[in-house]
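Here's final32.cif, which has mmCIF, C-alpha atoms:
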```
data_my_file
#
loop_
_atom_site.label_atom_id
_atom_site.label_comp_id
_atom_site.auth_asym_id
_atom_site.auth_seq_id
_atom_site.Cartn_x
_atom_site.Cartn_y
_atom_site.Cartn_z
CA SER D 1385 -6.81 115.77 -143.62
CA SER D 1386 -8.91 118.92 -143.59
CA ARG D 1387 -10.73 117.66 -146.69
CA ASN D 1388 -11.72 114.47 -144.90
CA MET D 1389 -12.73 116.43 -141.83
CA GLY D 1390 -14.90 118.68 -143.98
CA ALA D 1391 -16.51 115.71 -145.68
CA GLY D 1392 -17.19 114.12 -142.30
CA PHE D 1393 -18.79 117.30 -140.98
CA ILE D 1394 -21.06 117.54 -144.03
CA ALA D 1395 -22.06 113.90 -143.68
CA ALA D 1396 -22.90 114.41 -140.01
CA LEU D 1397 -24.92 117.52 -140.84
CA VAL D 1398 -26.88 115.68 -143.53
CA LEU D 1399 -27.55 112.83 -141.12
CA THR D 1400 -28.74 115.27 -138.42
CA LEU D 1401 -31.08 116.99 -140.87
CA ALA D 1402 -32.40 113.64 -142.07
CA ILE D 1403 -33.14 112.56 -138.51
CA GLY D 1404 -34.85 115.90 -137.85
CA VAL D 1405 -37.03 115.54 -140.93
CA THR D 1406 -37.91 111.97 -139.94
CA LEU D 1407 -38.90 113.06 -136.45
CA ALA D 1408 -40.91 115.98 -137.80
CA THR D 1409 -42.85 113.72 -140.16
CA LYS D 1410 -43.78 111.50 -137.21
CA GLU D 1411 -45.46 114.44 -135.44
CA ASN D 1412 -49.15 114.27 -136.41
CA VAL D 1413 -51.37 117.23 -137.25
CA PHE D 1414 -52.87 117.31 -133.74
CA ALA D 1415 -49.47 117.70 -132.12
CA ARG D 1416 -48.43 120.34 -134.65
CA LEU D 1417 -51.59 122.38 -134.03
CA ILE D 1418 -51.24 122.17 -130.25
CA ASP D 1419 -47.60 123.18 -130.53
CA ASP D 1420 -48.53 126.18 -132.71
CA LEU D 1421 -51.43 127.30 -130.49
CA PHE D 1422 -49.81 126.94 -127.10
CA ASP D 1423 -46.04 126.62 -127.18
CA ASP D 1424 -45.05 128.76 -130.17
CA ALA D 1425 -47.66 131.44 -129.44
CA GLY D 1426 -46.80 131.71 -125.74
CA TYR D 1427 -50.40 131.07 -124.66
CA ALA D 1428 -51.05 132.35 -121.10
CA LYS D 1429 -53.96 130.41 -119.59
CA VAL D 1430 -54.17 132.75 -116.57
CA ALA D 1431 -55.06 135.71 -118.82
CA ILE D 1432 -58.75 136.29 -119.60
CA PRO D 1433 -59.22 136.25 -123.41
CA MET D 1434 -60.34 139.87 -123.76
CA LYS D 1435 -58.91 141.76 -126.75
CA LYS D 1436 -59.03 145.07 -124.84
CA PRO D 1437 -59.33 146.12 -121.18
CA ALA D 1438 -62.83 146.32 -119.71
CA GLY D 1439 -64.88 149.41 -120.48
CA LYS D 1440 -65.43 151.87 -117.64
CA SER D 1441 -69.19 152.03 -118.04
CA SER D 1442 -70.25 149.18 -120.37
CA ASN D 1443 -69.54 145.56 -121.29
CA ILE D 1444 -68.37 146.51 -124.80
CA ASN D 1445 -65.06 144.66 -124.35
CA SER D 1446 -66.28 141.79 -122.17
CA ILE D 1447 -66.08 138.10 -123.00
CA ASN D 1448 -69.40 136.25 -123.26
CA VAL D 1449 -69.56 133.09 -121.17
CA ALA D 1450 -72.62 130.85 -121.58
CA VAL D 1451 -73.63 128.82 -118.51
CA GLY D 1452 -76.25 126.15 -118.02
CA VAL D 1453 -76.85 123.15 -115.76
CA SER D 1454 -78.11 119.69 -116.71
CA VAL D 1455 -79.45 117.75 -113.73
CA ILE D 1456 -79.06 113.95 -113.77
CA SER D 1457 -80.35 113.03 -110.31
CA MET D 1458 -80.99 114.60 -106.92
CA ASP D 1459 -81.72 113.94 -103.28
CA LEU D 1460 -82.84 116.28 -100.48
CA ALA D 1461 -81.71 116.00 -96.86
CA PRO D 1462 -84.16 116.93 -94.07
CA ARG D 1463 -82.00 119.94 -93.17
CA GLY D 1464 -82.68 121.48 -96.60
CA VAL D 1465 -79.46 120.54 -98.40
CA LEU D 1466 -79.96 119.36 -101.97
CA SER D 1467 -77.38 116.98 -103.47
CA ALA D 1468 -77.40 116.72 -107.26
CA SER D 1469 -75.38 115.01 -109.97
CA THR D 1470 -75.04 117.52 -112.81
CA TRP D 1471 -73.33 118.38 -116.06
CA LEU D 1472 -72.15 121.97 -116.04
CA ARG D 1473 -72.63 123.37 -119.58
CA THR D 1474 -70.24 126.19 -120.48
CA SER D 1475 -68.89 127.81 -123.62
CA TRP D 1476 -66.93 130.94 -124.55
CA GLU D 1477 -64.61 132.24 -127.26
CA ASP D 1478 -60.85 132.54 -126.91
CA TYR D 1479 -59.50 134.50 -129.90
CA ARG D 1480 -56.01 133.14 -129.18
CA LEU D 1481 -57.19 129.62 -130.09
CA GLN D 1482 -58.25 130.35 -133.68
CA TRP D 1483 -56.64 128.65 -136.67
CA ASP D 1484 -57.15 128.02 -140.40
CA PRO D 1485 -58.26 124.39 -140.89
CA ASN D 1486 -56.73 124.44 -144.39
CA GLN D 1487 -53.31 124.70 -142.78
CA TYR D 1488 -53.96 121.59 -140.67
CA GLU D 1489 -55.34 118.97 -143.08
CA GLY D 1490 -58.91 120.24 -142.60
CA LEU D 1491 -58.84 119.79 -138.81
CA ASP D 1492 -61.51 122.11 -137.39
CA LYS D 1493 -61.71 121.03 -133.73
CA ILE D 1494 -59.55 119.34 -131.10
CA ASN D 1495 -60.08 117.74 -127.70
CA ILE D 1496 -57.47 118.80 -125.15
CA PRO D 1497 -57.15 118.74 -121.35
CA SER D 1498 -59.03 121.63 -119.77
CA SER D 1499 -55.88 122.40 -117.77
CA ARG D 1500 -54.34 123.85 -120.95
CA VAL D 1501 -56.85 126.68 -121.47
CA TRP D 1502 -58.24 129.70 -119.65
CA LYS D 1503 -61.56 128.92 -117.92
CA PRO D 1504 -64.02 131.22 -116.12
CA ASP D 1505 -63.80 131.13 -112.31
CA LEU D 1506 -67.34 129.83 -111.80
CA SER D 1507 -68.66 128.95 -108.36
CA VAL D 1508 -71.94 127.83 -106.79
CA TYR D 1509 -72.86 130.77 -104.57
CA ASN D 1510 -75.17 128.81 -102.28
CA ALA D 1511 -72.89 125.77 -102.01
CA ALA D 1512 -73.19 123.69 -98.84
CA ASP D 1513 -69.63 122.33 -99.03
CA PHE D 1514 -66.23 123.30 -100.40
CA GLY D 1515 -64.00 120.36 -99.43
CA ALA D 1516 -62.60 117.37 -101.29
CA GLY D 1517 -65.05 116.04 -103.87
CA SER D 1518 -67.14 119.23 -103.86
CA PHE D 1519 -68.19 121.15 -106.96
CA GLN D 1520 -65.45 123.73 -106.44
CA ASN D 1521 -62.77 121.16 -105.75
CA LEU D 1522 -63.53 119.16 -108.90
CA TYR D 1523 -64.17 122.23 -111.07
CA ASP D 1524 -60.69 123.50 -110.19
CA SER D 1525 -59.17 120.05 -110.79
CA ASP D 1526 -59.66 120.08 -114.59
CA ILE D 1527 -61.31 116.67 -114.58
CA THR D 1528 -62.34 116.53 -118.27
CA ASN D 1529 -61.28 117.67 -121.72
CA VAL D 1530 -62.49 120.79 -123.49
CA LEU D 1531 -63.51 120.86 -127.15
CA VAL D 1532 -61.83 123.74 -129.02
CA TYR D 1533 -63.07 124.80 -132.47
CA SER D 1534 -61.04 126.58 -135.13
CA THR D 1535 -63.23 129.66 -134.61
CA GLY D 1536 -61.85 129.95 -131.06
CA LYS D 1537 -65.02 128.61 -129.46
CA VAL D 1538 -64.35 126.55 -126.34
CA LEU D 1539 -66.94 124.02 -125.12
CA TRP D 1540 -66.59 122.50 -121.66
CA ILE D 1541 -69.24 120.23 -120.10
CA PRO D 1542 -67.75 118.60 -116.99
CA PRO D 1543 -69.82 116.20 -114.83
CA LEU D 1544 -69.89 117.74 -111.36
CA PRO D 1545 -71.68 117.19 -108.05
CA MET D 1546 -73.60 120.08 -106.51
CA LYS D 1547 -74.58 120.33 -102.88
CA VAL D 1548 -76.59 123.47 -102.15
CA ASN D 1549 -78.48 125.11 -99.31
CA CYS D 1550 -82.06 125.39 -100.55
CA ASN D 1551 -83.46 128.89 -100.05
CA LYS D 1552 -80.61 129.73 -97.68
CA ASP D 1553 -82.16 133.08 -96.76
CA GLU D 1554 -85.27 131.41 -95.33
CA VAL D 1555 -85.82 129.40 -92.15
CA LEU D 1556 -87.22 126.00 -93.12
CA MET D 1557 -90.28 125.03 -91.10
CA GLY D 1558 -90.08 121.23 -91.35
CA ALA D 1559 -92.05 120.94 -94.58
CA ASP D 1560 -93.80 117.68 -95.46
CA GLU D 1561 -91.28 115.72 -97.55
CA ASN D 1562 -94.14 114.40 -99.68
CA GLU D 1563 -95.06 117.91 -100.80
CA PRO D 1564 -93.14 120.03 -103.34
CA GLN D 1565 -90.37 122.10 -101.73
CA GLY D 1566 -88.60 125.14 -103.11
CA CYS D 1567 -84.90 125.18 -103.91
CA ASN D 1568 -82.41 127.05 -106.08
CA ILE D 1569 -78.92 126.77 -107.57
CA ILE D 1570 -76.93 129.99 -108.06
CA VAL D 1571 -73.91 129.95 -110.39
CA GLY D 1572 -71.66 132.86 -111.32
CA SER D 1573 -68.10 134.14 -111.56
CA TRP D 1574 -66.39 134.45 -108.19
CA THR D 1575 -64.30 137.53 -109.04
CA TYR D 1576 -65.18 138.97 -112.47
CA ASP D 1577 -67.79 141.70 -112.90
CA GLY D 1578 -70.06 141.95 -115.95
CA PHE D 1579 -67.74 144.37 -117.76
CA HIS D 1580 -65.13 141.60 -117.89
CA LEU D 1581 -67.24 138.44 -118.01
CA ASN D 1582 -70.72 138.81 -119.50
CA LEU D 1583 -72.75 135.83 -118.35
CA THR D 1584 -75.32 134.45 -120.82
CA ALA D 1585 -77.76 131.53 -120.74
CA TYR D 1586 -76.41 128.38 -122.41
CA GLY D 1587 -78.48 127.72 -125.53
CA GLY D 1588 -80.60 130.74 -124.62
CA GLU D 1589 -82.44 128.67 -121.98
CA GLU D 1590 -82.81 130.10 -118.46
CA TYR D 1591 -84.02 126.77 -117.10
CA LEU D 1592 -82.30 123.67 -115.74
CA GLU D 1593 -81.88 121.13 -118.54
CA LEU D 1594 -83.54 117.82 -117.65
CA GLY D 1595 -83.30 115.76 -120.84
CA ASP D 1596 -80.96 113.20 -119.23
CA PHE D 1597 -82.68 113.03 -115.85
CA ALA D 1598 -82.37 109.55 -114.30
CA LYS D 1599 -85.53 107.61 -113.53
CA ASN D 1600 -83.97 106.24 -110.35
CA SER D 1601 -83.54 109.72 -108.81
CA PRO D 1602 -85.09 109.81 -105.30
CA TYR D 1603 -86.38 113.34 -105.96
CA VAL D 1604 -87.82 114.91 -109.10
CA ILE D 1605 -88.30 118.49 -110.23
CA LYS D 1606 -91.98 119.45 -110.30
CA SER D 1607 -91.66 123.03 -111.59
CA GLN D 1608 -89.21 125.75 -112.62
CA LYS D 1609 -89.55 129.53 -112.58
CA GLY D 1610 -87.18 130.31 -115.46
CA ASP D 1611 -85.71 133.83 -115.83
CA ALA D 1612 -82.53 132.61 -114.12
CA MET D 1613 -80.30 135.46 -115.33
CA LYS D 1614 -79.78 137.97 -112.52
CA THR D 1615 -77.79 141.20 -112.46
CA LYS D 1616 -76.83 142.94 -109.23
CA TYR D 1617 -75.38 146.42 -108.66
CA TYR D 1618 -73.62 147.82 -105.62
CA SER D 1619 -73.71 151.46 -104.52
CA CYS D 1620 -69.90 151.68 -104.70
CA CYS D 1621 -69.47 150.78 -108.32
CA GLU D 1622 -70.86 151.07 -111.83
CA GLU D 1623 -70.09 147.52 -112.92
CA PRO D 1624 -72.80 144.82 -112.70
CA TYR D 1625 -72.34 141.41 -111.08
CA MET D 1626 -74.11 138.60 -112.88
CA SER D 1627 -75.31 135.14 -111.90
CA MET D 1628 -77.69 132.38 -112.97
CA ASN D 1629 -80.26 131.71 -110.23
CA PHE D 1630 -82.19 128.58 -111.14
CA LYS D 1631 -85.34 128.40 -108.98
CA PHE D 1632 -87.42 125.23 -108.89
CA THR D 1633 -89.49 122.91 -106.72
CA VAL D 1634 -88.60 119.31 -105.90
CA GLN D 1635 -90.67 116.45 -104.58
CA LYS D 1636 -89.79 113.00 -103.29
CA ALA D 1637 -90.47 110.41 -106.00
CA PHE D 1638 -90.11 107.30 -103.86
CA SER D 1639 -88.75 105.91 -100.61
CA ILE D 1640 -86.98 102.62 -99.93
CA ILE D 1641 -88.71 100.88 -97.01
CA GLU D 1642 -87.41 97.47 -95.91
CA GLY D 1643 -85.73 97.05 -99.29
CA GLU D 1644 -88.89 97.85 -101.25
CA LYS D 1645 -89.53 100.93 -103.38
CA VAL D 1646 -92.61 102.80 -102.13
CA PHE D 1647 -93.80 105.50 -104.53
CA ASN D 1648 -94.65 108.95 -103.21
CA ILE D 1649 -95.66 109.96 -106.75
CA SER D 1650 -97.52 107.44 -108.89
CA PRO D 1651 -95.46 105.69 -111.61
CA GLU D 1652 -97.89 107.09 -114.20
CA GLU D 1653 -97.29 110.68 -113.08
CA LEU D 1654 -93.54 110.08 -112.99
CA GLU D 1655 -93.53 108.77 -116.56
CA GLU D 1656 -95.44 111.86 -117.65
CA LEU D 1657 -92.86 114.04 -115.91
CA TYR D 1658 -89.93 112.24 -117.54
CA GLY D 1659 -91.59 112.73 -120.92
CA GLN D 1660 -91.94 116.47 -120.30
CA TYR D 1661 -88.27 116.65 -119.27
CA LYS D 1662 -87.28 115.90 -122.88
CA THR D 1663 -88.25 119.48 -123.79
CA THR D 1664 -87.79 122.74 -121.90
CA PHE D 1665 -89.64 121.96 -118.69
CA ALA D 1666 -91.36 124.59 -116.57
CA GLY D 1667 -94.06 122.45 -114.96
CA ILE D 1668 -96.93 123.85 -112.96
CA GLU D 1669 -96.38 126.07 -109.92
#
```

What is this structure when it is put down as structure tokens?
Amino acid sequence: SSRNMGAGFIAALVLTLAIGVTLATKENVFARLIDDLFDDAGYAKVAIPMKKPAGKSSNINSINVAVGVSVISMDLAPRGVLSASTWLRTSWEDYRLQWDPNQYEGLDKINIPSSRVWKPDLSVYNAADFGAGSFQNLYDSDITNVLVYSTGKVLWIPPLPMKVNCNKDEVLMGADENEPQGCNIIVGSWTYDGFHLNLTAYGGEEYLELGDFAKNSPYVIKSQKGDAMKTKYYSCCEEPYMSMNFKFTVQKAFSIIEGEKVFNISPEELEELYGQYKTTFAGIE
């Protein structure tokens, strides 16, 4: 009868709602927040998180992106190419990723794949390679998570290799490998000018960070110049182009000869260096 059909429909509806409620209660607060931030809000990761278009003559509407480099170890080839294991230190604010922790059981930060968020298009300007396994290849591959705070702050510190041409504008004259040699690492946005992406020094430090430098690194950093922030203008345009140009000297710490470690710098001097690395290190030019 129609009455039985109606009763059956209501029962099915109640069962469907009950299943829906059960499934919803199984979704934890992390999944709910991610769903709200990305899926429900229609987050577009290809769009730079600027609230307004760039100003015509100032960086008033730009997004601040902090950049720094932590060096773990390094080696220098005779042809002047420096290979380094690094942690790229970056942070910025994405206003689209803000939330009220009180609405999410007090949750004030989440770890999510970096592929889900907008990231600055950073490159190493004096890179010596661009193929598989290079800085650019791995940077673009979203190899690690980002940490996103409820304020919208995004923190991303991926471990990345860097291979750079030291002082690429100079002709190297076969310098003595046992003497300090100059080198630099230049990092900046590949396409954005300073009115869109305002580059800043990570932690306010315009030096390479050396606190986690490995004691088995074949080369060590003997000095740094600091003042890495550089701004360049072109005659065609008003907007600035910004980069971090870390200038430093390196020296061979030791060689391996017939399976034995032969020190080029005394162990005592190396220990003193490693101790100085624990603070902002400039060294002696």

Notebook entry, point to check: So what does the PyMOL selection byres ((chain D and resi 1442) around 12) actually pick up in this one, as a VMD selection string?
Noted result: chain D and resid 1437 to 1441 1443 to 1446 1577 to 1582 1622 to 1624

Next item on the list: One decimal, Å: what's the distance from atom CA of Tyr1625 of chain D over to atom CA of Leu1506 of chain D, could you say?
Entry: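 Taking atom CA of Tyr1625 of chain D and atom CA of Leu1506 of chain D, their separation equals 12.6 Å.
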
Enclose all atoms of segment 1543-1553 of chain D listed in the file in an axis-aligned box, grow every side by 3 Å, and hand back centre and edge lengths in Å to one decimal, as JSON.
```
{"center_x": -76.6, "center_y": 124.6, "center_z": -105.8, "size_x": 19.6, "size_y": 22.9, "size_z": 24.1}
```

Note to self: Report, in Å to a single decimal, how far apart atom CA of Thr1470 of chain D and atom CA of Leu1594 of chain D are.
What the structure shows: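 If I compute the distance from atom CA of Leu1594 of chain D to atom CA of Thr1470 of chain D, I get 9.8 Å.
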
Next item on the list: Could you tell me which of D:Ala1428, D:Val1413, D:Cys1567, D:Ile1494 comes closest to Val1634 of chain D if we count all atoms listed in the file?
Entry: D:Cys1567

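Counting from atom CA of Val1501 of chain D, the distance to atom CA of Asp1596 of chain D is 27.7 Å.
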
For Asp1513 of chain D, find every residue with an atom within 12 Å (counting only C-alpha atoms), except residues of its own chain fewer than 6 positions away, and show them as a short mmCIF file (atom, residue, chain, number, x, y, z; two decimals) with C-alpha atoms, in the frame of the given file.
```cif
data_model
loop_
_atom_site.label_atom_id
_atom_site.label_comp_id
_atom_site.auth_asym_id
_atom_site.auth_seq_id
_atom_site.Cartn_x
_atom_site.Cartn_y
_atom_site.Cartn_z
CA VAL D 1465 -79.46 120.54 -98.40
CA LEU D 1466 -79.96 119.36 -101.97
CA SER D 1467 -77.38 116.98 -103.47
CA SER D 1507 -68.66 128.95 -108.36
CA PHE D 1519 -68.19 121.15 -106.96
CA GLN D 1520 -65.45 123.73 -106.44
CA ASN D 1521 -62.77 121.16 -105.75
CA PRO D 1545 -71.68 117.19 -108.05
CA MET D 1546 -73.60 120.08 -106.51
CA LYS D 1547 -74.58 120.33 -102.88
CA VAL D 1548 -76.59 123.47 -102.15
CA ASN D 1549 -78.48 125.11 -99.31
#
```

Which residues, named as in the file, does the PyMOL selection byres ((chain D and resi 1504) around 12) pick out? Answer as a PDB file with C-alpha atoms, in the frame of the given file.
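Saved result, result.pdb, follows:
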```pdb
ATOM      1  CA  LYS D1429     -53.960 130.410-119.590  1.00  0.00           C
ATOM      2  CA  VAL D1430     -54.170 132.750-116.570  1.00  0.00           C
ATOM      3  CA  ALA D1431     -55.060 135.710-118.820  1.00  0.00           C
ATOM      4  CA  ILE D1432     -58.750 136.290-119.600  1.00  0.00           C
ATOM      5  CA  PRO D1433     -59.220 136.250-123.410  1.00  0.00           C
ATOM      6  CA  ILE D1447     -66.080 138.100-123.000  1.00  0.00           C
ATOM      7  CA  ASN D1448     -69.400 136.250-123.260  1.00  0.00           C
ATOM      8  CA  VAL D1449     -69.560 133.090-121.170  1.00  0.00           C
ATOM      9  CA  ALA D1450     -72.620 130.850-121.580  1.00  0.00           C
ATOM     10  CA  VAL D1451     -73.630 128.820-118.510  1.00  0.00           C
ATOM     11  CA  THR D1474     -70.240 126.190-120.480  1.00  0.00           C
ATOM     12  CA  SER D1475     -68.890 127.810-123.620  1.00  0.00           C
ATOM     13  CA  TRP D1476     -66.930 130.940-124.550  1.00  0.00           C
ATOM     14  CA  GLU D1477     -64.610 132.240-127.260  1.00  0.00           C
ATOM     15  CA  ASP D1478     -60.850 132.540-126.910  1.00  0.00           C
ATOM     16  CA  SER D1498     -59.030 121.630-119.770  1.00  0.00           C
ATOM     17  CA  VAL D1501     -56.850 126.680-121.470  1.00  0.00           C
ATOM     18  CA  TRP D1502     -58.240 129.700-119.650  1.00  0.00           C
ATOM     19  CA  LYS D1503     -61.560 128.920-117.920  1.00  0.00           C
ATOM     20  CA  ASP D1505     -63.800 131.130-112.310  1.00  0.00           C
ATOM     21  CA  LEU D1506     -67.340 129.830-111.800  1.00  0.00           C
ATOM     22  CA  SER D1507     -68.660 128.950-108.360  1.00  0.00           C
ATOM     23  CA  TYR D1523     -64.170 122.230-111.070  1.00  0.00           C
ATOM     24  CA  ASP D1524     -60.690 123.500-110.190  1.00  0.00           C
ATOM     25  CA  VAL D1538     -64.350 126.550-126.340  1.00  0.00           C
ATOM     26  CA  LEU D1539     -66.940 124.020-125.120  1.00  0.00           C
ATOM     27  CA  TRP D1540     -66.590 122.500-121.660  1.00  0.00           C
ATOM     28  CA  VAL D1571     -73.910 129.950-110.390  1.00  0.00           C
ATOM     29  CA  GLY D1572     -71.660 132.860-111.320  1.00  0.00           C
ATOM     30  CA  SER D1573     -68.100 134.140-111.560  1.00  0.00           C
ATOM     31  CA  TRP D1574     -66.390 134.450-108.190  1.00  0.00           C
ATOM     32  CA  THR D1575     -64.300 137.530-109.040  1.00  0.00           C
ATOM     33  CA  TYR D1576     -65.180 138.970-112.470  1.00  0.00           C
ATOM     34  CA  ASP D1577     -67.790 141.700-112.900  1.00  0.00           C
ATOM     35  CA  HIS D1580     -65.130 141.600-117.890  1.00  0.00           C
ATOM     36  CA  LEU D1581     -67.240 138.440-118.010  1.00  0.00           C
ATOM     37  CA  ASN D1582     -70.720 138.810-119.500  1.00  0.00           C
ATOM     38  CA  LEU D1583     -72.750 135.830-118.350  1.00  0.00           C
TER      39      LEU D1583
END
```

Note to self: Quick check on the file I pasted: which residues fall under the PyMOL selection byres ((chain D and resi 1593) around 12)? Write them as a VMD selection string.
What the structure shows: chain D and resid 1451 to 1457 1470 to 1473 1585 to 1592 1594 to 1597 1605 1608 1610 1630 1632 1660 to 1666

Next item on the list: May I ask which of the residues D:Ile1649, D:Leu1544, D:Leu1460, D:Ala1468 is the closest one to Ser1525 of chain D, counting all atoms listed in the file?
Entry: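 Result for the nearest residue to Ser1525 of chain D: D:Leu1544.
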
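Considering the residues D:Thr1615, D:Ser1534, D:Ser1639, D:Ser1627 and counting all atoms listed in the file, Asp1492 of chain D has its shortest atom-to-atom contact with D:Ser1534.
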
Next item on the list: Skip Glu1563 of chain D itself and residues of its chain fewer than 4 positions away, then list as number ranges by chain all residues within 10 Å of it, counting only C-alpha atoms.
Entry: D: 1559, 1633-1636, 1648-1649
